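In what follows, a single structure is set out as structure tokens and then discussed.
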Amino acid sequence: MYPAAFEVTKARTLDEALAKLADLGDDGRVLAGGQSLIPMMKLRVAAPTHLVDINEIPDLDGIKQVNGHMSVGALARHADVVRADVANHTVAAAAPWVADPVVRNRGTMCGSIAHCDPEGDWNSVMLAVRAQVVATSSSGERVIPIDEFVKDFFTNSLQEGEMVTEVRVPNYAGAGGGDYLKLERKIGDYATVAVAIHLDLAGDGTIAQAGVALTAVNHVNTRASDAEAILVGNAPSEELFAAAADAAAAAADPVSDIRGPAEYKRDVVRVFTRRGLASALAKAQD
Amino acid sequence: MEVNVTINGAARTAEVEARTLLVDFIRTNLSLTGTHIGCDTTSCGVCTVLLDGTPVKSCTMFAFQADGHEIQTVEGLKNGELHPIQAAFKEEHGLQCGFCTPGMMLVGKALLEENLNPTDDEVRWAISGNLCRCTGYMNIVKAIQTAGAELSAAESGATA
Ligand SMILES: Cc1cc2nc3c(=O)[nH]c(=O)nc-3n(C[C@H](O)[C@H](O)[C@H](O)COP(=O)(O)OP(=O)(O)OC[C@H]3O[C@@H](n4cnc5c(N)ncnc54)[C@H](O)[C@@H]3O)c2cc1C
Ligand code: FES
Ligand code: FES
């Protein structure tokens, strides 16, 4: 399998990459870890005419704490996230579930977020924790809430000439906890179903902020808003979590395929949401 | 375009198209056929090489991306005598047909650089991006652990 021929710019600085992207407009395509783009090019599902390789740009690989959030740079690989000391429980729980160890050495978190594959894990995590995506172009920076960034099936809301330079995961305001539960057939497989859970507790123990987001059960990663609304403002309890789990299952519209029937997948959403809320609460109270 | 790499310690250069995959650059342009092609879809790991010491699937990287970098393939393991990981695969019967073995040994070597005494679970985790159709993995796990023991004995011998 071979990709169609293309031109390439191996950018040495961020400015060089942004200038080239501005110049190319619709014809330019960022090459990050290549772990989704290269397979797609080999299958000729994608045939970009000009790749802008960002891998040689220095200082884009940081994972650091700044101003109340964790900042993850465009060249932080999945494996870097696995190794990092990550305070956010949802991010930490999801990282080892993304792809396999060798793929994780190349693939990037930002690339995965930009890719908007509904079977991808990171966008559910980012929806649950209410992350922000930093889009940079030669004319400046935009900070985009994840709900606006994830637009549709394999579609993000970047404009021509923009690339993702960073994703920001907010720190917990109070006692926080989270989890990521994923059902997969084998390591390296995409999710049959996965659920991202985020809880941030108020001083009195009630739920100040809740995040519930679903992988591989809709045409795009989905926030289960009804489930979140059930949780927020209330004291955690088994009954509350069961009600939220039912609402999360109702937000799933899976298809029956090789990984399982729709009915089964919807029930996994219910069970995972309930279990994830319980473990997120335990972590928040720890 | 011209691609310059250091492969198994030697500087090599070849002229390739931008779309040339790293695995084909290694096998065809550099005539090092120890690196295999299996699935061609990033799933099996038989094409694994070490890029600046880190395992990557060379069927899912372009040759131009390796320009200026260091690559190690299975051919680079032997240094006069077998590398301890090769000796251990032989000793523990860690291979049958041998097709997955170059990738398994390189992933094993990278693991041992971080941890000379990995548990079964840690080895299984590290090799989980590499498939073997023959062995059932038991002896691959043992081989990597045996190599770790060998390397740590050599290390403590060297410091003693
Ligand atoms: C065998 C295998 C198993 C996998 N399993 C999983 C899994 O279980 N879960 C999962 O979530 N993913 C999985 N993946 C996908 C993997 O996580 C990819 O790394 C990820 O989807 C894309 O990140 P990348 O850095 O490799 O991006 P690339 O492949 O380089 O790019 C993907 C797309 O995003 C765009 N892009 C990349 N970076 C940027 C940027 N900074 N700004 C703007 N656009 C950008 C590219 O132009 C391209 O369109 C798997 C991949 C493989 C090969
Ligand atoms: S040939 Fe590269 S992963 Fe299978
Ligand atoms: S020994 Fe045959 S595939 Fe592993």
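Following the order of the structure tokens, chains are lettered A, B, ..., residues in each are numbered from 1, and ligands are numbered from 1.
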If we count only C-alpha atoms, which residues of chain A reach to within 10 Å of chain B? Please list them as a PyMOL selection string.
-> chain A and resi 1-8+10+33-43+51+53+55-56+96+99-106+186-189
So that I can check the surroundings of A:Ala244, please list as a short mmCIF file (atom, residue, chain, number, x, y, z; two decimals) with N, CA, C and O atoms, in the first residue's frame every protein, DNA and RNA residue that reaches within 7 Å of it, counting only C-alpha atoms and ignoring chain neighbours fewer than 6 positions away.
```
data_model
loop_
_atom_site.label_atom_id
_atom_site.label_comp_id
_atom_site.auth_asym_id
_atom_site.auth_seq_id
_atom_site.Cartn_x
_atom_site.Cartn_y
_atom_site.Cartn_z
N ALA A 227 -27.05 13.48 31.58
CA ALA A 227 -26.44 12.79 32.73
C ALA A 227 -25.73 13.82 33.61
O ALA A 227 -25.83 13.77 34.85
N ILE A 230 -28.15 15.82 35.73
CA ILE A 230 -28.68 15.06 36.88
C ILE A 230 -27.70 15.12 38.05
O ILE A 230 -28.10 15.20 39.22
N LEU A 231 -26.41 15.13 37.74
CA LEU A 231 -25.39 15.06 38.79
C LEU A 231 -25.14 16.41 39.48
O LEU A 231 -25.00 16.48 40.71
#
```
Protein and nucleic acid residues within 6 Å of ligand 3 (only C-alpha atoms and all ligand atoms) as number ranges by chain = B: 95-101, 132-135
Resulting file, chosen residues, all heavy atoms, as a PDB file, in the first residue's frame:
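Contents of the output file out06.pdb:
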```pdb
ATOM      1  N   LEU B  95      11.418 -18.054  19.839  1.00  0.00           N
ATOM      2  CA  LEU B  95      10.929 -17.889  18.462  1.00  0.00           C
ATOM      3  C   LEU B  95      10.667 -19.243  17.829  1.00  0.00           C
ATOM      4  O   LEU B  95      11.236 -20.252  18.242  1.00  0.00           O
ATOM      5  CB  LEU B  95      11.940 -17.129  17.597  1.00  0.00           C
ATOM      6  CG  LEU B  95      13.294 -17.811  17.331  1.00  0.00           C
ATOM      7  CD1 LEU B  95      13.856 -17.339  16.007  1.00  0.00           C
ATOM      8  CD2 LEU B  95      14.249 -17.522  18.459  1.00  0.00           C
ATOM      9  N   GLN B  96       9.761 -19.230  16.860  1.00  0.00           N
ATOM     10  CA  GLN B  96       9.563 -20.427  16.044  1.00  0.00           C
ATOM     11  C   GLN B  96       9.899 -20.065  14.607  1.00  0.00           C
ATOM     12  O   GLN B  96      10.992 -20.289  14.137  1.00  0.00           O
ATOM     13  CB  GLN B  96       8.160 -20.982  16.236  1.00  0.00           C
ATOM     14  CG  GLN B  96       8.029 -21.621  17.639  1.00  0.00           C
ATOM     15  CD  GLN B  96       6.649 -22.140  17.928  1.00  0.00           C
ATOM     16  OE1 GLN B  96       5.896 -22.512  17.049  1.00  0.00           O
ATOM     17  NE2 GLN B  96       6.305 -22.181  19.199  1.00  0.00           N
ATOM     18  N   CYS B  97       8.964 -19.392  13.891  1.00  0.00           N
ATOM     19  CA  CYS B  97       9.290 -19.035  12.506  1.00  0.00           C
ATOM     20  C   CYS B  97      10.256 -17.859  12.432  1.00  0.00           C
ATOM     21  O   CYS B  97      10.950 -17.672  11.455  1.00  0.00           O
ATOM     22  CB  CYS B  97       8.027 -18.725  11.713  1.00  0.00           C
ATOM     23  SG  CYS B  97       7.359 -17.076  12.024  1.00  0.00           S
ATOM     24  N   GLY B  98      10.250 -17.022  13.485  1.00  0.00           N
ATOM     25  CA  GLY B  98      11.186 -15.913  13.524  1.00  0.00           C
ATOM     26  C   GLY B  98      10.716 -14.625  12.870  1.00  0.00           C
ATOM     27  O   GLY B  98      11.439 -13.632  12.868  1.00  0.00           O
ATOM     28  N   PHE B  99       9.505 -14.633  12.329  1.00  0.00           N
ATOM     29  CA  PHE B  99       9.068 -13.454  11.583  1.00  0.00           C
ATOM     30  C   PHE B  99       8.890 -12.231  12.489  1.00  0.00           C
ATOM     31  O   PHE B  99       9.234 -11.114  12.121  1.00  0.00           O
ATOM     32  CB  PHE B  99       7.754 -13.752  10.841  1.00  0.00           C
ATOM     33  CG  PHE B  99       7.494 -12.782   9.721  1.00  0.00           C
ATOM     34  CD1 PHE B  99       8.270 -12.811   8.567  1.00  0.00           C
ATOM     35  CD2 PHE B  99       6.487 -11.827   9.817  1.00  0.00           C
ATOM     36  CE1 PHE B  99       8.057 -11.911   7.533  1.00  0.00           C
ATOM     37  CE2 PHE B  99       6.265 -10.925   8.789  1.00  0.00           C
ATOM     38  CZ  PHE B  99       7.037 -10.975   7.644  1.00  0.00           C
ATOM     39  N   CYS B 100       8.361 -12.447  13.684  1.00  0.00           N
ATOM     40  CA  CYS B 100       8.112 -11.329  14.599  1.00  0.00           C
ATOM     41  C   CYS B 100       9.349 -10.956  15.404  1.00  0.00           C
ATOM     42  O   CYS B 100       9.371  -9.938  16.096  1.00  0.00           O
ATOM     43  CB  CYS B 100       7.000 -11.690  15.589  1.00  0.00           C
ATOM     44  SG  CYS B 100       7.503 -12.958  16.786  1.00  0.00           S
ATOM     45  N   THR B 101      10.377 -11.829  15.351  1.00  0.00           N
ATOM     46  CA  THR B 101      11.493 -11.760  16.305  1.00  0.00           C
ATOM     47  C   THR B 101      12.297 -10.449  16.270  1.00  0.00           C
ATOM     48  O   THR B 101      12.629  -9.913  17.333  1.00  0.00           O
ATOM     49  CB  THR B 101      12.416 -12.991  16.120  1.00  0.00           C
ATOM     50  OG1 THR B 101      11.576 -14.146  16.021  1.00  0.00           O
ATOM     51  CG2 THR B 101      13.356 -13.146  17.295  1.00  0.00           C
ATOM     52  N   CYS B 132       2.731 -12.167  17.638  1.00  0.00           N
ATOM     53  CA  CYS B 132       3.440 -13.388  17.274  1.00  0.00           C
ATOM     54  C   CYS B 132       2.398 -14.446  16.945  1.00  0.00           C
ATOM     55  O   CYS B 132       1.506 -14.704  17.745  1.00  0.00           O
ATOM     56  CB  CYS B 132       4.327 -13.866  18.425  1.00  0.00           C
ATOM     57  SG  CYS B 132       5.115 -15.444  18.054  1.00  0.00           S
ATOM     58  N   ARG B 133       2.520 -15.041  15.771  1.00  0.00           N
ATOM     59  CA  ARG B 133       1.539 -16.047  15.365  1.00  0.00           C
ATOM     60  C   ARG B 133       1.937 -17.449  15.810  1.00  0.00           C
ATOM     61  O   ARG B 133       1.174 -18.389  15.633  1.00  0.00           O
ATOM     62  CB  ARG B 133       1.388 -16.049  13.831  1.00  0.00           C
ATOM     63  CG  ARG B 133       0.898 -14.741  13.239  1.00  0.00           C
ATOM     64  CD  ARG B 133      -0.493 -14.377  13.668  1.00  0.00           C
ATOM     65  NE  ARG B 133      -1.520 -15.311  13.218  1.00  0.00           N
ATOM     66  CZ  ARG B 133      -2.208 -15.204  12.092  1.00  0.00           C
ATOM     67  NH1 ARG B 133      -1.997 -14.210  11.283  1.00  0.00           N
ATOM     68  NH2 ARG B 133      -3.134 -16.085  11.771  1.00  0.00           N
ATOM     69  N   CYS B 134       3.143 -17.607  16.338  1.00  0.00           N
ATOM     70  CA  CYS B 134       3.649 -18.957  16.602  1.00  0.00           C
ATOM     71  C   CYS B 134       3.737 -19.341  18.080  1.00  0.00           C
ATOM     72  O   CYS B 134       3.258 -20.383  18.478  1.00  0.00           O
ATOM     73  CB  CYS B 134       5.052 -19.135  16.027  1.00  0.00           C
ATOM     74  SG  CYS B 134       5.202 -18.780  14.282  1.00  0.00           S
ATOM     75  N   THR B 135       4.413 -18.509  18.863  1.00  0.00           N
ATOM     76  CA  THR B 135       4.940 -19.003  20.137  1.00  0.00           C
ATOM     77  C   THR B 135       3.948 -19.047  21.291  1.00  0.00           C
ATOM     78  O   THR B 135       4.189 -19.735  22.272  1.00  0.00           O
ATOM     79  CB  THR B 135       6.111 -18.136  20.618  1.00  0.00           C
ATOM     80  OG1 THR B 135       5.604 -16.817  20.856  1.00  0.00           O
ATOM     81  CG2 THR B 135       7.219 -18.058  19.601  1.00  0.00           C
TER      82      THR B 135
END
```
Nearest residue to B:Arg27 from the set B:Glu91, B:Asp52, B:Glu75, B:Glu114 (distances using only C-alpha atoms) | B:Glu75
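All residues of chain B that DSSP, run on the backbone, classes as strand (DSSP E) are Glu2, Val3, Asn4, Val5, Thr6, Ile7, Ala10, Ala11, Arg12, Thr13, Ala14, Glu15, Thr48, Val49, Leu50, Leu51, Thr54, Pro55, Val56, Lys57, Glu70, Ile71 and Gln72 of chain B.
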Could you please write out, as a PyMOL selection string, every residue of stretch 53-249 of chain A that DSSP assigns to alpha helix (DSSP H)?
-> chain A and resi 78-83+89-94+101-104+109-115+122-129+146-149+225-231+238-249
Selection export as a compact mmCIF listing (two decimals), in the first residue's frame, atoms kept: C-alpha atoms:
```txt
# COMPACT_ATOMS: atom_id res chain seq x y z
CA HIS A 78 0.76 9.56 24.01
CA ALA A 79 3.72 7.80 25.68
CA ASP A 80 4.86 11.11 27.21
CA VAL A 81 1.41 11.50 28.76
CA VAL A 82 1.56 7.93 30.14
CA ARG A 83 4.94 8.74 31.76
CA HIS A 89 -7.50 11.47 36.90
CA THR A 90 -9.45 11.16 33.64
CA VAL A 91 -6.38 11.97 31.52
CA ALA A 92 -4.17 9.66 33.57
CA ALA A 93 -6.67 6.79 33.34
CA ALA A 94 -7.15 7.12 29.57
CA PRO A 101 2.90 1.03 23.30
CA VAL A 102 4.77 1.38 19.99
CA VAL A 103 2.06 3.52 18.37
CA ARG A 104 2.02 5.64 21.55
CA MET A 109 -2.54 13.89 21.99
CA CYS A 110 -3.09 17.08 19.97
CA GLY A 111 -3.06 15.14 16.69
CA SER A 112 -5.66 12.79 18.05
CA ILE A 113 -7.82 15.71 19.18
CA ALA A 114 -7.48 17.40 15.77
CA HIS A 115 -8.35 14.14 14.00
CA TRP A 122 -8.91 11.78 23.79
CA ASN A 123 -11.85 13.85 22.65
CA SER A 124 -14.18 12.15 25.14
CA VAL A 125 -11.66 12.83 27.89
CA MET A 126 -11.38 16.47 26.79
CA LEU A 127 -15.16 16.89 26.69
CA ALA A 128 -15.50 15.44 30.18
CA VAL A 129 -12.81 17.69 31.69
CA ILE A 146 -13.54 21.63 23.23
CA ASP A 147 -17.30 21.56 22.59
CA GLU A 148 -16.81 24.01 19.74
CA PHE A 149 -13.60 22.40 18.52
CA SER A 225 -25.48 16.51 28.91
CA ASP A 226 -28.58 15.04 30.56
CA ALA A 227 -26.44 12.79 32.73
CA GLU A 228 -24.31 15.77 33.76
CA ALA A 229 -27.39 17.84 34.61
CA ILE A 230 -28.68 15.06 36.88
CA LEU A 231 -25.39 15.06 38.79
CA GLU A 238 -25.83 5.27 44.34
CA GLU A 239 -29.33 6.27 43.22
CA LEU A 240 -28.06 9.51 41.70
CA PHE A 241 -25.31 7.66 39.82
CA ALA A 242 -27.79 5.05 38.57
CA ALA A 243 -30.06 7.81 37.22
CA ALA A 244 -27.10 9.51 35.52
CA ALA A 245 -26.03 6.17 34.05
CA ASP A 246 -29.47 5.66 32.52
CA ALA A 247 -29.31 9.16 31.03
CA ALA A 248 -25.84 8.47 29.59
CA ALA A 249 -27.10 5.26 27.97
```
Surrounding residues of A:His50 excluding itself and chain neighbours under 4 positions, 10 Å, only C-alpha atoms, as an NGL selection string = :A and (5-9 or 20-21 or 24 or 26-31)
Exercise: B:Met138 partners within 10 Å, only C-alpha atoms, chain neighbours under 4 positions left out, as an MDAnalysis selection string = chainID B and resid 92:94 120 124 142:143
Next, dump the selected residues to file, keeping only C-alpha atoms, as a compact mmCIF listing (two decimals), in the first residue's frame.
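Below is the file that was written, part24.txt:
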```
# COMPACT_ATOMS: atom_id res chain seq x y z
CA GLU B 92 14.64 -19.75 25.86
CA HIS B 93 13.26 -20.81 22.48
CA GLY B 94 11.64 -17.38 22.14
CA ASP B 120 5.65 -10.92 33.39
CA ARG B 124 3.55 -8.43 28.22
CA LYS B 142 10.98 -15.53 29.44
CA ALA B 143 13.63 -14.58 26.89
```
Among A:Gly140, A:Pro58, A:Gly161, A:Gly177, ligand 1 is approached most closely, using only C-alpha atoms and all ligand atoms, by A:Gly161
Choose the residue, out of B:Ile26, B:Leu111, B:Leu116, B:Leu151, that has the smallest atom-to-atom separation from B:Cys47; count only C-alpha atoms.
-> B:Ile26
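Atom CA of A:Pro145 sits 22.2 Å away from atom CA of A:Ala252.
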Distance of atom CA of A:Ala84 from atom CA of A:Asp121, expressed in Å to one decimal place = 17.9 Å
Using only C-alpha atoms, which residues sit within 10 Å of B:Leu112 once same-chain residues fewer than 3 positions away are excluded, as a PyMOL selection string?
-> chain B and resi 85+106-109+115-118+123+144-145+147-149+151-152
Could you take the residues named above and write them with all heavy atoms, as a compact mmCIF listing (two decimals), in the first residue's frame?
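part28.txt was written with the following content:
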```txt
# COMPACT_ATOMS: atom_id res chain seq x y z
N ILE B 85 20.10 -10.14 24.25
CA ILE B 85 18.69 -10.39 23.94
C ILE B 85 18.58 -11.46 22.86
O ILE B 85 17.67 -12.30 22.89
CB ILE B 85 17.97 -9.07 23.55
CG1 ILE B 85 16.45 -9.26 23.56
CG2 ILE B 85 18.35 -8.55 22.18
CD1 ILE B 85 15.75 -8.57 24.65
N LEU B 106 13.80 -5.87 19.60
CA LEU B 106 14.07 -4.43 19.74
C LEU B 106 13.18 -3.79 20.80
O LEU B 106 13.63 -2.96 21.59
CB LEU B 106 13.91 -3.74 18.38
CG LEU B 106 14.98 -4.13 17.36
CD1 LEU B 106 14.62 -3.63 15.96
CD2 LEU B 106 16.36 -3.60 17.76
N VAL B 107 11.91 -4.22 20.84
CA VAL B 107 11.02 -3.72 21.89
C VAL B 107 11.52 -4.19 23.26
O VAL B 107 11.52 -3.43 24.24
CB VAL B 107 9.56 -4.18 21.62
CG1 VAL B 107 8.70 -4.02 22.85
CG2 VAL B 107 8.96 -3.38 20.47
N GLY B 108 11.97 -5.45 23.31
CA GLY B 108 12.52 -6.00 24.55
C GLY B 108 13.75 -5.22 24.99
O GLY B 108 13.90 -4.88 26.17
N LYS B 109 14.62 -4.92 24.05
CA LYS B 109 15.85 -4.18 24.37
C LYS B 109 15.50 -2.79 24.93
O LYS B 109 16.08 -2.36 25.93
CB LYS B 109 16.69 -4.03 23.10
CG LYS B 109 17.96 -3.23 23.31
CD LYS B 109 18.83 -3.25 22.04
CE LYS B 109 20.13 -2.49 22.26
NZ LYS B 109 20.02 -1.06 21.96
N ASN B 115 14.26 -0.88 32.53
CA ASN B 115 13.96 -1.79 33.64
C ASN B 115 14.59 -3.15 33.36
O ASN B 115 14.12 -3.88 32.49
CB ASN B 115 12.42 -1.90 33.76
CG ASN B 115 12.00 -2.86 34.86
OD1 ASN B 115 12.83 -3.41 35.57
ND2 ASN B 115 10.70 -3.07 34.99
N LEU B 116 15.64 -3.48 34.10
CA LEU B 116 16.35 -4.74 33.83
C LEU B 116 15.65 -5.94 34.45
O LEU B 116 16.02 -7.08 34.18
CB LEU B 116 17.78 -4.66 34.38
CG LEU B 116 18.79 -3.91 33.50
CD1 LEU B 116 20.15 -3.85 34.19
CD2 LEU B 116 18.93 -4.57 32.12
N ASN B 117 14.66 -5.68 35.30
CA ASN B 117 14.04 -6.78 36.01
C ASN B 117 12.51 -6.73 35.89
O ASN B 117 11.80 -6.67 36.89
CB ASN B 117 14.48 -6.71 37.49
CG ASN B 117 14.09 -7.94 38.26
OD1 ASN B 117 13.82 -9.00 37.67
ND2 ASN B 117 14.01 -7.81 39.58
N PRO B 118 11.99 -6.73 34.65
CA PRO B 118 10.55 -6.57 34.47
C PRO B 118 9.76 -7.82 34.88
O PRO B 118 10.25 -8.94 34.72
CB PRO B 118 10.40 -6.32 32.96
CG PRO B 118 11.60 -6.99 32.36
CD PRO B 118 12.71 -6.89 33.37
N VAL B 123 6.50 -7.09 30.92
CA VAL B 123 6.97 -7.51 29.60
C VAL B 123 5.79 -7.62 28.63
O VAL B 123 5.84 -7.11 27.50
CB VAL B 123 7.72 -8.87 29.66
CG1 VAL B 123 8.11 -9.31 28.26
CG2 VAL B 123 8.94 -8.77 30.55
N ILE B 144 13.02 -12.27 27.28
CA ILE B 144 13.32 -10.87 27.62
C ILE B 144 13.76 -10.77 29.07
O ILE B 144 14.71 -10.06 29.40
CB ILE B 144 12.09 -9.97 27.30
CG1 ILE B 144 11.88 -9.92 25.78
CG2 ILE B 144 12.28 -8.56 27.87
CD1 ILE B 144 10.60 -9.23 25.33
N GLN B 145 13.13 -11.56 29.95
CA GLN B 145 13.54 -11.54 31.36
C GLN B 145 14.95 -12.13 31.54
O GLN B 145 15.75 -11.61 32.31
CB GLN B 145 12.53 -12.31 32.21
CG GLN B 145 11.21 -11.56 32.35
CD GLN B 145 10.10 -12.41 32.95
OE1 GLN B 145 10.07 -13.62 32.76
NE2 GLN B 145 9.19 -11.77 33.68
N ALA B 147 17.32 -12.11 29.34
CA ALA B 147 18.28 -11.11 28.85
C ALA B 147 18.49 -10.02 29.90
O ALA B 147 19.61 -9.55 30.11
CB ALA B 147 17.78 -10.51 27.54
N GLY B 148 17.41 -9.65 30.58
CA GLY B 148 17.51 -8.64 31.64
C GLY B 148 18.43 -9.11 32.76
O GLY B 148 19.30 -8.36 33.24
N ALA B 149 18.25 -10.37 33.16
CA ALA B 149 19.08 -10.93 34.23
C ALA B 149 20.55 -10.96 33.79
O ALA B 149 21.46 -10.60 34.55
CB ALA B 149 18.59 -12.34 34.57
N LEU B 151 21.98 -9.05 31.52
CA LEU B 151 22.51 -7.68 31.44
C LEU B 151 22.78 -7.11 32.83
O LEU B 151 23.77 -6.41 33.03
CB LEU B 151 21.52 -6.77 30.69
CG LEU B 151 21.52 -6.94 29.16
CD1 LEU B 151 20.25 -6.35 28.55
CD2 LEU B 151 22.76 -6.28 28.55
N SER B 152 21.91 -7.44 33.80
CA SER B 152 22.16 -6.86 35.12
C SER B 152 23.32 -7.56 35.81
O SER B 152 24.10 -6.94 36.52
CB SER B 152 20.89 -6.80 35.98
OG SER B 152 20.51 -8.03 36.41
```
Quick one: of B:Leu50, B:Ala153, B:Ala158, B:Leu30, who's nearest to B:Gly103, counting only C-alpha atoms?
->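 Checking each candidate against B:Gly103, we get B:Leu50 as the closest.
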Which value, in Å to one decimal, gives the distance between atom 18 (C, counted along the ligand's line) of ligand 1 and atom CA of A:Thr108?
->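 These two atoms are separated by 6.3 Å.
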